[in-house]
Amino acid sequence: MLCVIYSSTKRDKTYLYVEKKDDFSRVPQELMKNFGTPRLVMVLSLDERKKLASADSEKVKQSLRDEGYYLQFPPPLGNLLNTHLSG
């Protein structure tokens with residue numbers, strides 16, 4: 001399965017995965033409004049991947065089949081004070 005990944009112009013480190021280039025027909029309008037103008041990042045084959053950098057490929061594939069898109073948010077920052085103090 002191929003997917004096309006776009007980055008958000010409104011939200012840092014937020015990505016939208018769709019099945020076909022420039023086909024946002026199954027993505028809710030409200031999501032597109034909040035996402036901003038999609039910027040093409042890459043086309044990726046999910047067939048040979050078990051894990052992506054920040055997402056599980058099986059969850060991505062399932063979401064693409066069921067919903068028509070997958071939205072990836074940035075990972076939570078955690079407690080920056082504790083990170084600073086432990087370093």
# chains A, B, ... in the order shown; residues from 1 in each chain; ligands from 1
>>> select_by_dssp(residues="chain A", states="strand (DSSP E or B)", output="list in words")
Leu2, Cys3, Val4, Ile5, Tyr6, Ser7, Tyr15, Leu16, Tyr17, Val18, Arg39, Leu40, Val41, Met42, Val43, Leu44, Ser45, Lys51, Asp56, Tyr69, Tyr70, Leu71 and Gln72 of chain A
>>> write_last_selection(atoms="N, CA and C atoms", output="short mmCIF file (atom, residue, chain, number, x, y, z; two decimals), in the first residue's frame")
data_model
loop_
_atom_site.label_atom_id
_atom_site.label_comp_id
_atom_site.auth_asym_id
_atom_site.auth_seq_id
_atom_site.Cartn_x
_atom_site.Cartn_y
_atom_site.Cartn_z
N LEU A 2 0.60 2.16 -0.92
CA LEU A 2 1.31 3.43 -0.96
C LEU A 2 0.50 4.48 -0.22
N CYS A 3 1.21 5.43 0.34
CA CYS A 3 0.54 6.58 0.94
C CYS A 3 1.35 7.82 0.63
N VAL A 4 0.68 8.94 0.70
CA VAL A 4 1.31 10.23 0.44
C VAL A 4 1.23 11.03 1.73
N ILE A 5 2.36 11.60 2.13
CA ILE A 5 2.44 12.30 3.41
C ILE A 5 2.63 13.79 3.17
N TYR A 6 1.81 14.58 3.90
CA TYR A 6 1.86 16.03 3.81
C TYR A 6 2.12 16.60 5.20
N SER A 7 2.84 17.71 5.25
CA SER A 7 3.03 18.41 6.52
C SER A 7 2.07 19.59 6.57
N TYR A 15 1.37 15.76 10.56
CA TYR A 15 1.41 15.19 9.21
C TYR A 15 0.08 14.51 8.89
N LEU A 16 -0.29 14.60 7.62
CA LEU A 16 -1.51 13.99 7.11
C LEU A 16 -1.12 12.96 6.05
N TYR A 17 -1.59 11.73 6.24
CA TYR A 17 -1.33 10.64 5.30
C TYR A 17 -2.62 10.39 4.52
N VAL A 18 -2.52 10.30 3.20
CA VAL A 18 -3.65 9.95 2.34
C VAL A 18 -3.18 8.91 1.34
N ARG A 39 1.63 20.54 2.55
CA ARG A 39 2.91 20.56 1.83
C ARG A 39 3.38 19.12 1.65
N LEU A 40 3.58 18.71 0.41
CA LEU A 40 4.01 17.35 0.11
C LEU A 40 5.36 17.07 0.75
N VAL A 41 5.42 15.96 1.49
CA VAL A 41 6.68 15.54 2.13
C VAL A 41 7.27 14.36 1.38
N MET A 42 6.46 13.30 1.17
CA MET A 42 6.97 12.12 0.48
C MET A 42 5.85 11.16 0.13
N VAL A 43 6.18 10.23 -0.78
CA VAL A 43 5.33 9.09 -1.09
C VAL A 43 6.05 7.90 -0.49
N LEU A 44 5.29 7.05 0.21
CA LEU A 44 5.90 5.97 0.98
C LEU A 44 5.13 4.67 0.81
N SER A 45 5.84 3.57 0.67
CA SER A 45 5.22 2.25 0.65
C SER A 45 5.13 1.73 2.08
N LYS A 51 7.17 -0.42 11.30
CA LYS A 51 7.13 0.78 12.13
C LYS A 51 7.64 1.96 11.33
N ASP A 56 2.73 3.62 13.95
CA ASP A 56 2.70 2.19 13.66
C ASP A 56 2.10 2.01 12.27
N TYR A 69 -7.75 8.59 5.66
CA TYR A 69 -6.61 9.43 6.03
C TYR A 69 -6.08 8.98 7.39
N TYR A 70 -4.87 9.44 7.71
CA TYR A 70 -4.29 9.24 9.03
C TYR A 70 -3.64 10.56 9.42
N LEU A 71 -3.91 11.03 10.61
CA LEU A 71 -3.34 12.28 11.10
C LEU A 71 -2.32 11.98 12.19
N GLN A 72 -1.10 12.44 11.99
CA GLN A 72 -0.01 12.21 12.96
C GLN A 72 0.32 13.52 13.66
#
>>> select_by_dssp(residues="region 6-68 of chain A", states="helix (DSSP H, G or I)", output="list of chain:residue names")
A:Gln29, A:Glu30, A:Leu31, A:Met32, A:Lys33, A:Asn34, A:Phe35, A:Ser57, A:Glu58, A:Lys59, A:Val60, A:Lys61, A:Gln62, A:Ser63, A:Leu64, A:Arg65, A:Asp66
>>> residues_around(residues="Leu31 (chain A)", least_positions_apart="3", cutoff="12 Å", atoms="only C-alpha atoms", output="list in words")
Ser8, Lys10, Arg11, Thr14, Tyr15, Leu16, Phe24, Ser25, Arg26, Val27, Pro28, Asn34, Phe35, Gly36, Thr37, Pro38, Tyr69, Tyr70 and Leu71 of chain A
>>> closest_residue(among="A:Met32, A:Lys61, A:Phe73, A:Gly68", to="Leu46 (chain A)", atoms="only C-alpha atoms")
A:Lys61
>>> closest_residue(among="A:Gln29, A:Glu19, A:Lys13, A:Glu48", to="Leu64 (chain A)", atoms="only C-alpha atoms")
A:Glu19
>>> atom_distance(atom1="CA of Lys20 (chain A)", atom2="CA of Pro76 (chain A)")
28.8 Å
